[in-house]
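First the structure, in the form of structure tokens, and then the observations on it.
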Amino acid sequence: MSAFSAVRIPFPAVVAARSTGEKPSSPFLCSPAAAPGIHSSPLRSPRLGRPPLAVSSDVLSSQKPLGSNSSPSYQAVISRDEALELYEDMVLGRVFEDMCAQMYYRGKMFGFVHLYNGQEAVSTGFIKLLETRDSVVSTYRDHVHAISKGVPARAVMAELFGKATGCCRGQGGSMHMFSEPHNLLGGFAFIGEGIPVATGAAFSSKYRHEVLKEARPDGLDVTVAFFGDGTCNNGQFFECLNMAELWKLPIVFVVENNLWAIGMSHLRATSDPEIWKKGPAFGMPGVHVDGMDVLKVREVAMEAIARARNGEGPTLVECETYRFRGHSLADPDELRKADEKSHYAARDPIVSLKKYILEKNLASESELKAIEKKIDDIIEEAVEFADSSPHPPRSQLLENVFADPKGFGIGPDGKYRCEDPKFTEGTAQV
Amino acid sequence: MAAALQTAALLSASPNLIDPQRFRVGLLARSLIGRRGSIFVVRSDGRTSGFFNAKSRSGNFITNAVATKADASTSSTASKPGHELLLFEALREGLEEEMDRDPHVCVMGEDVGHYGGSYKVTKGLATKYGDLRVLDTPIAENSFTGMGIGAAMTGLRPIVEGMNMGFLLLAYNQISNNCGMLHYTSGGQFKIPIVIRGPGGVGRQLGAEHSQRLESYFQSIPGLQMVACSTPYNAKGLMKAAIRSENPVVLFEHVLLYNLKERIPDEEYVLCLEEAEMVRPGEHVTILTYSRMRYHVMQAVKTLVNKGYDPEVIDIRSLKPFDLYTIGNSVKKTHRVLIVEECMRTGGIGSSLRAAIIDNFWDYLDAPIMCLSSQDVPTPYAGTLEEWTVVQPAQIVAAVEQLCQ
């Protein structure tokens, strides 16, 4: 067993078994633990008996064993098509981020840009299991979450260039990626502030089901909230774990523990660094998974998403992962040690998956190269598109401040300010 | 009238109306007083009670701030149209009508459900609509406000209640960053039709932290609208308007005004969020005010009228944005402006309003704009000190006399 994978202990059944259907057994969640369908009242009486700790891990033993590359050691659990989909998505994320770095140093994008290199397994592992109706909430490290969710690379690139054709019309930027058609609810600059928004989206999903009676046979819309290790010391994290479990909201809390919050090591900031343990403290399962292995992430994600969809409530998933670049493009990244970096570089999720695909004969080397070429073309096209797109015109300045521009008020002439032609020109003084 | 007495008694009494004992006493007092023709002003602790009785001038104005007959029933009688209720009941009525009308409207906050709200604004609603539509939250303002924002982005229309407006300071992260900004940073993709409401203002010796006026803190947040209600009529109308608005709206209520009684129309009505309310037309001076200070102003107006002044009183209602049309027309008529507010002097609504008037109506002013605000002091507990931190009618009278020299 690799040094960093989790030992999984199923917890015993606490409520009545399902009356219908067979839940596939899994070492992660005990099948009979399913609650009977979706609860009608969020204010149920407290369950008798908390689930005991779901997992243990030796990731934080004092001597971090820099063992061999963690390779997926189970049977081919994915089909060829799925494997190629995962591969393509991760390569897309990686090449996109590398291009971002290039463009930044060429002066095409500015400000704070936080790249996701190395963490692709988490984004791909979770988001490729979601449907369009499911929501994703991210942080400032959101480019790859956006792309995995389906936002076209050209729209994200144009947004980074600050062009009017960006997914947020150039008004959001790197840290505020939104896409309504893809249910990407942001893109947040302050850590932790996206988690309540994700909780709200999950609340909506439950509300639609129970109050509006828009029941779907395939379950609730799920929300997946991504955030980092630093966020797990923030109040909003804990407050939302509490509320999500209290009301059994269909949400998955995904911690991308890359061990560093800018220059603050997770171990220096956190009294108990094992974040997955904080789930059971609130009554929900906490799982630790090797976030450099997309197949392991995917396996855990399937369970967690199914739980949420079935109305069983939230799950806290801690993905041990690593960012190959600095915190942002402005970070000199001097504090992280070379051996730590090389350890994780050796566990590059894309390299691992490629190795797996070739070993299991799911595809040939040339097919993978063809995918890489295809991605290169997509990214090239995205850059061209962004380059040639127009900057936002002045008239865009005052649009979108209010959904209903009557909010700008009534002017001295008795007319609404938004009826003033200077508004459409963007030159009005608010 | 009897109801006036009850209103006044309850205004002077502790605003801690979650004490059912006190509530019953108030009602008992009402029935005991009888139906005489005179209006009582009940004083307690040497303080004036701040209610007034305004006459109807035209359609847009409130009819009667205080009901003249103590009716056992609240249905309309043959002699008077409409029905009588207290301000918190008016808020509830507006809320209930909107919840009936649109199933996406929901409420979340501390003790809004089973408890019925700390000021009873949501009483009975959880029984009627269920625990999910009227959601009792844990004590986590930042997170449940953020949850409301996430719910609003995904199709619901939540009303987030701050048990006391001051508690929403904890939610400032969400209100500023997400509530105000997400529509913009998402390029217009997500709207946030949330209403954030709750009681604020200086009460009766509630202490510094429960006596805060957050309107000055929130006014800079772009993308946010702020309104303050002051009568049962405008409370219901603004509540409905705020819920129907696609913008995030902060509705400021005042702890001391929840028991104001008024007769309001039976027919449905929705007020305009951006408009100010003409309380009393006049010629000599424009007095701009909002929320509880409206009543101190009207108390002062009685004295001023006796002294021969004719002040025009406007309840600005919309704290952000300002209704520059109503205000401007008034300034153009009277040429003198007095702003009376409960905010602190520094960075308050008054200072913004003053700047807006100077920018837009400088040529019409015959005198510098006077602004009476609360002292820049944390509200003291001691009653005498507390009284001196807020603007009292006597100061308003003096200010008008000075302005009109």
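Identifiers in the structure tokens: chain A, B, ... in order shown; residue index from 1 per chain; ligand index from 1 in order shown.
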
Residues of chain B no more than 6 Å from chain A, counting only C-alpha atoms: send them over as a PDB file with C-alpha atoms, in the first residue's frame.
ATOM      1  CA  SER B 143     -22.416  31.679   7.008  1.00  0.00           C
ATOM      2  CA  GLY B 146     -23.742  33.566   2.641  1.00  0.00           C
ATOM      3  CA  MET B 147     -26.104  30.648   2.439  1.00  0.00           C
ATOM      4  CA  GLY B 148     -28.897  33.047   1.651  1.00  0.00           C
ATOM      5  CA  GLY B 150     -26.029  31.130  -2.558  1.00  0.00           C
ATOM      6  CA  ALA B 151     -29.714  30.295  -2.408  1.00  0.00           C
ATOM      7  CA  THR B 154     -29.679  29.517  -7.497  1.00  0.00           C
ATOM      8  CA  TYR B 184     -21.072  42.497 -11.200  1.00  0.00           C
ATOM      9  CA  THR B 185     -18.131  40.135 -10.959  1.00  0.00           C
ATOM     10  CA  SER B 186     -20.140  37.420 -12.641  1.00  0.00           C
ATOM     11  CA  GLY B 187     -20.767  39.753 -15.549  1.00  0.00           C
ATOM     12  CA  GLY B 188     -24.466  39.881 -14.803  1.00  0.00           C
ATOM     13  CA  GLN B 189     -24.956  36.120 -14.842  1.00  0.00           C
ATOM     14  CA  LYS B 191     -28.706  37.928  -9.577  1.00  0.00           C
ATOM     15  CA  GLY B 223     -24.772  46.970  -5.693  1.00  0.00           C
ATOM     16  CA  GLU B 246     -34.173  41.704  -8.196  1.00  0.00           C
ATOM     17  CA  ASN B 247     -31.516  43.631  -6.292  1.00  0.00           C
ATOM     18  CA  GLU B 274     -36.365  54.391  -4.442  1.00  0.00           C
ATOM     19  CA  PRO B 321     -30.010  55.589  -3.383  1.00  0.00           C
ATOM     20  CA  ASP B 323     -34.603  60.169  -3.990  1.00  0.00           C
ATOM     21  CA  LEU B 324     -33.106  63.342  -5.339  1.00  0.00           C
ATOM     22  CA  TYR B 325     -36.330  64.321  -7.053  1.00  0.00           C
ATOM     23  CA  GLY B 328     -34.689  68.441  -4.756  1.00  0.00           C
TER      24      GLY B 328
END

Write out as a PyMOL selection string each polymer residue whose atoms come within 7 Å of region 302-311 of chain A, counting only C-alpha atoms; drop sequence neighbours fewer than 6 positions from it. chain A and resi 37-38+219-222+248+250-252

Please save C-alpha atoms of the selected residues as a PDB file, in the first residue's frame.
ATOM      1  CA  GLY A  37     -34.790   8.346   1.285  1.00  0.00           C
ATOM      2  CA  ILE A  38     -34.769  12.094   1.482  1.00  0.00           C
ATOM      3  CA  GLY A 219     -31.870  12.551  -7.101  1.00  0.00           C
ATOM      4  CA  LEU A 220     -30.962  15.985  -5.847  1.00  0.00           C
ATOM      5  CA  ASP A 221     -28.708  18.473  -7.564  1.00  0.00           C
ATOM      6  CA  VAL A 222     -25.345  18.227  -5.878  1.00  0.00           C
ATOM      7  CA  LYS A 248     -28.534  16.997   5.339  1.00  0.00           C
ATOM      8  CA  PRO A 250     -26.583  17.682  -0.846  1.00  0.00           C
ATOM      9  CA  ILE A 251     -23.049  18.999  -0.770  1.00  0.00           C
ATOM     10  CA  VAL A 252     -19.536  17.618  -0.870  1.00  0.00           C
TER      11      VAL A 252
END

May I have all residues of region 212-332 of chain B that DSSP, computed from the backbone, assigns to alpha helix (DSSP H), given as an MDAnalysis selection string? chainID B and resid 215:218 232:244 293:306 324:332

Next, the residues of the selection above should be written as a compact mmCIF listing (two decimals), in the first residue's frame with C-alpha atoms.
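Once written, part23.txt looks like this:
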# COMPACT_ATOMS: atom_id res chain seq x y z
CA GLU B 215 -26.83 52.00 7.51
CA SER B 216 -23.69 54.11 7.65
CA TYR B 217 -21.45 51.07 7.40
CA PHE B 218 -23.26 49.52 4.47
CA PRO B 232 -46.86 50.18 9.43
CA TYR B 233 -47.97 51.40 6.04
CA ASN B 234 -44.51 51.85 4.61
CA ALA B 235 -43.17 48.83 6.47
CA LYS B 236 -45.53 46.51 4.65
CA GLY B 237 -45.08 48.25 1.34
CA LEU B 238 -41.32 48.30 1.53
CA MET B 239 -41.16 44.70 2.67
CA LYS B 240 -43.14 43.63 -0.37
CA ALA B 241 -41.12 45.84 -2.68
CA ALA B 242 -37.84 44.55 -1.28
CA ILE B 243 -38.90 40.95 -1.76
CA ARG B 244 -39.99 41.59 -5.32
CA MET B 293 -36.15 60.25 14.06
CA ARG B 294 -39.24 60.92 11.99
CA TYR B 295 -41.19 60.82 15.21
CA HIS B 296 -38.84 63.12 17.05
CA VAL B 297 -39.12 65.47 14.10
CA MET B 298 -42.89 65.40 14.14
CA GLN B 299 -42.87 65.99 17.87
CA ALA B 300 -40.70 69.04 17.26
CA VAL B 301 -42.96 70.11 14.41
CA LYS B 302 -45.86 70.47 16.81
CA THR B 303 -43.85 72.98 18.78
CA LEU B 304 -42.62 74.68 15.64
CA VAL B 305 -46.09 75.04 14.22
CA ASN B 306 -47.20 76.67 17.44
CA LEU B 324 -33.11 63.34 -5.34
CA TYR B 325 -36.33 64.32 -7.05
CA THR B 326 -38.51 64.62 -3.96
CA ILE B 327 -35.64 66.05 -1.98
CA GLY B 328 -34.69 68.44 -4.76
CA ASN B 329 -38.20 69.75 -5.24
CA SER B 330 -38.37 70.45 -1.56
CA VAL B 331 -35.04 72.26 -1.48
CA LYS B 332 -36.06 74.33 -4.44

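Residue neighbourhood of region 343-359 of chain B, excluding near-sequence residues (fewer than 6 positions): Gly201, Gln212, Arg213, Leu214, Glu215, Ser216, Tyr217, Gln219, Leu288, Thr289, Leu319, Lys320, Phe322, Leu324, Ile327, Gly328, Val331, Val337, Leu365, Ile369, Met370, Cys371, Leu372, Ser373, Ser374, Gln375, Asp376, Val377 and Val390 of chain B, at 9 Å, using only C-alpha atoms.
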
Output C-alpha atoms for every residue in that selection, as a compact mmCIF listing (two decimals), in the first residue's frame.
# COMPACT_ATOMS: atom_id res chain seq x y z
CA GLY B 201 -31.14 51.72 16.05
CA GLN B 212 -26.00 50.16 16.33
CA ARG B 213 -26.95 51.88 13.12
CA LEU B 214 -25.50 49.87 10.31
CA GLU B 215 -26.83 52.00 7.51
CA SER B 216 -23.69 54.11 7.65
CA TYR B 217 -21.45 51.07 7.40
CA GLN B 219 -23.85 52.61 2.41
CA LEU B 288 -35.06 65.24 5.95
CA THR B 289 -35.22 62.28 8.25
CA LEU B 319 -31.13 55.47 2.28
CA LYS B 320 -29.32 54.29 -0.78
CA PHE B 322 -31.42 58.94 -2.36
CA LEU B 324 -33.11 63.34 -5.34
CA ILE B 327 -35.64 66.05 -1.98
CA GLY B 328 -34.69 68.44 -4.76
CA VAL B 331 -35.04 72.26 -1.48
CA VAL B 337 -32.36 72.02 4.79
CA LEU B 365 -29.72 76.92 -0.79
CA ILE B 369 -27.30 72.53 5.41
CA MET B 370 -27.66 71.60 9.04
CA CYS B 371 -27.31 68.02 10.09
CA LEU B 372 -28.34 66.69 13.47
CA SER B 373 -26.91 63.25 14.11
CA SER B 374 -26.20 61.08 17.06
CA GLN B 375 -23.00 61.73 18.92
CA ASP B 376 -19.96 59.74 17.86
CA VAL B 377 -20.22 57.76 21.04
CA VAL B 390 -29.54 60.80 20.12

Using DSSP on the backbone coordinates, identify the residues of region 138-321 of chain A assigned to strand (DSSP E or B); present them as a tab-separated table (two decimals) with N, CA and C atoms, in the first residue's frame.
chain	number	residue	atom	x	y	z
A	179	SER	N	-20.08	30.91	-14.24
A	179	SER	CA	-20.77	30.56	-15.47
A	179	SER	C	-22.14	30.02	-15.12
A	184	LEU	N	-21.39	27.15	-12.47
A	184	LEU	CA	-20.16	27.44	-11.75
A	184	LEU	C	-20.43	28.72	-10.96
A	223	THR	N	-23.96	19.93	-4.94
A	223	THR	CA	-23.00	21.04	-4.99
A	223	THR	C	-21.67	20.54	-4.48
A	224	VAL	N	-20.59	20.87	-5.18
A	224	VAL	CA	-19.26	20.49	-4.71
A	224	VAL	C	-18.50	21.77	-4.42
A	225	ALA	N	-18.01	21.88	-3.20
A	225	ALA	CA	-17.26	23.08	-2.80
A	225	ALA	C	-15.79	22.71	-2.67
A	226	PHE	N	-14.95	23.42	-3.40
A	226	PHE	CA	-13.51	23.19	-3.33
A	226	PHE	C	-12.87	24.31	-2.53
A	227	PHE	N	-11.94	23.94	-1.67
A	227	PHE	CA	-11.20	24.96	-0.93
A	227	PHE	C	-9.94	24.30	-0.39
A	228	GLY	N	-9.09	25.09	0.23
A	228	GLY	CA	-7.77	24.57	0.59
A	228	GLY	C	-7.59	24.30	2.07
A	251	ILE	N	-24.28	18.28	-0.48
A	251	ILE	CA	-23.05	19.00	-0.77
A	251	ILE	C	-21.86	18.10	-0.45
A	252	VAL	N	-20.79	18.30	-1.18
A	252	VAL	CA	-19.54	17.62	-0.87
A	252	VAL	C	-18.50	18.70	-0.62
A	253	PHE	N	-17.88	18.63	0.54
A	253	PHE	CA	-16.82	19.59	0.87
A	253	PHE	C	-15.48	18.95	0.49
A	254	VAL	N	-14.80	19.52	-0.47
A	254	VAL	CA	-13.54	18.94	-0.94
A	254	VAL	C	-12.40	19.84	-0.52
A	255	VAL	N	-11.54	19.29	0.33
A	255	VAL	CA	-10.38	20.05	0.78
A	255	VAL	C	-9.21	19.69	-0.12
A	256	GLU	N	-8.67	20.67	-0.82
A	256	GLU	CA	-7.47	20.43	-1.62
A	256	GLU	C	-6.29	20.79	-0.73
A	257	ASN	N	-5.86	19.80	0.04
A	257	ASN	CA	-4.78	20.07	0.98
A	257	ASN	C	-3.45	19.96	0.26
A	260	TRP	N	0.23	23.98	1.85
A	260	TRP	CA	0.77	25.33	1.99
A	260	TRP	C	-0.31	26.37	1.71
A	261	ALA	N	-0.35	27.38	2.59
A	261	ALA	CA	-1.23	28.52	2.37
A	261	ALA	C	-0.30	29.71	2.15
A	264	MET	N	2.62	29.68	4.48
A	264	MET	CA	2.32	29.11	5.79
A	264	MET	C	2.08	27.62	5.63
A	265	SER	N	2.96	26.85	6.23
A	265	SER	CA	2.79	25.41	6.17
A	265	SER	C	1.55	25.01	6.97
A	286	GLY	N	-15.74	11.66	7.19
A	286	GLY	CA	-14.56	12.37	6.74
A	286	GLY	C	-13.65	11.37	6.08
A	287	VAL	N	-13.18	11.69	4.91
A	287	VAL	CA	-12.36	10.75	4.15
A	287	VAL	C	-11.07	11.43	3.75
A	288	HIS	N	-10.01	10.69	3.80
A	288	HIS	CA	-8.74	11.19	3.30
A	288	HIS	C	-8.40	10.39	2.06
A	289	VAL	N	-7.98	11.05	1.02
A	289	VAL	CA	-7.67	10.34	-0.22
A	289	VAL	C	-6.42	10.94	-0.84
A	290	ASP	N	-5.75	10.11	-1.60
A	290	ASP	CA	-4.55	10.55	-2.31
A	290	ASP	C	-4.98	11.41	-3.49
A	315	THR	N	-20.44	15.20	2.82
A	315	THR	CA	-19.22	14.44	3.09
A	315	THR	C	-18.06	15.40	3.05
A	316	LEU	N	-17.09	15.16	3.93
A	316	LEU	CA	-15.87	15.96	3.90
A	316	LEU	C	-14.77	15.09	3.32
A	317	VAL	N	-14.21	15.52	2.20
A	317	VAL	CA	-13.16	14.74	1.55
A	317	VAL	C	-11.87	15.55	1.57
A	318	GLU	N	-10.87	15.02	2.21
A	318	GLU	CA	-9.58	15.70	2.20
A	318	GLU	C	-8.70	15.04	1.14
A	319	CYS	N	-8.30	15.81	0.15
A	319	CYS	CA	-7.45	15.29	-0.91
A	319	CYS	C	-6.04	15.79	-0.66
A	320	GLU	N	-5.16	14.86	-0.46
A	320	GLU	CA	-3.77	15.26	-0.29
A	320	GLU	C	-3.20	15.53	-1.67

Nearby residues (only C-alpha atoms) at most 12 Å from region 108-110 of chain B, same-chain spacing under 2 positions excluded, as an NGL selection string: (:A and (200 or 203)) or (:B and (105-106 or 112-119 or 121-122 or 125-126 or 130-149 or 151-152 or 156-165 or 167-168 or 194-198))
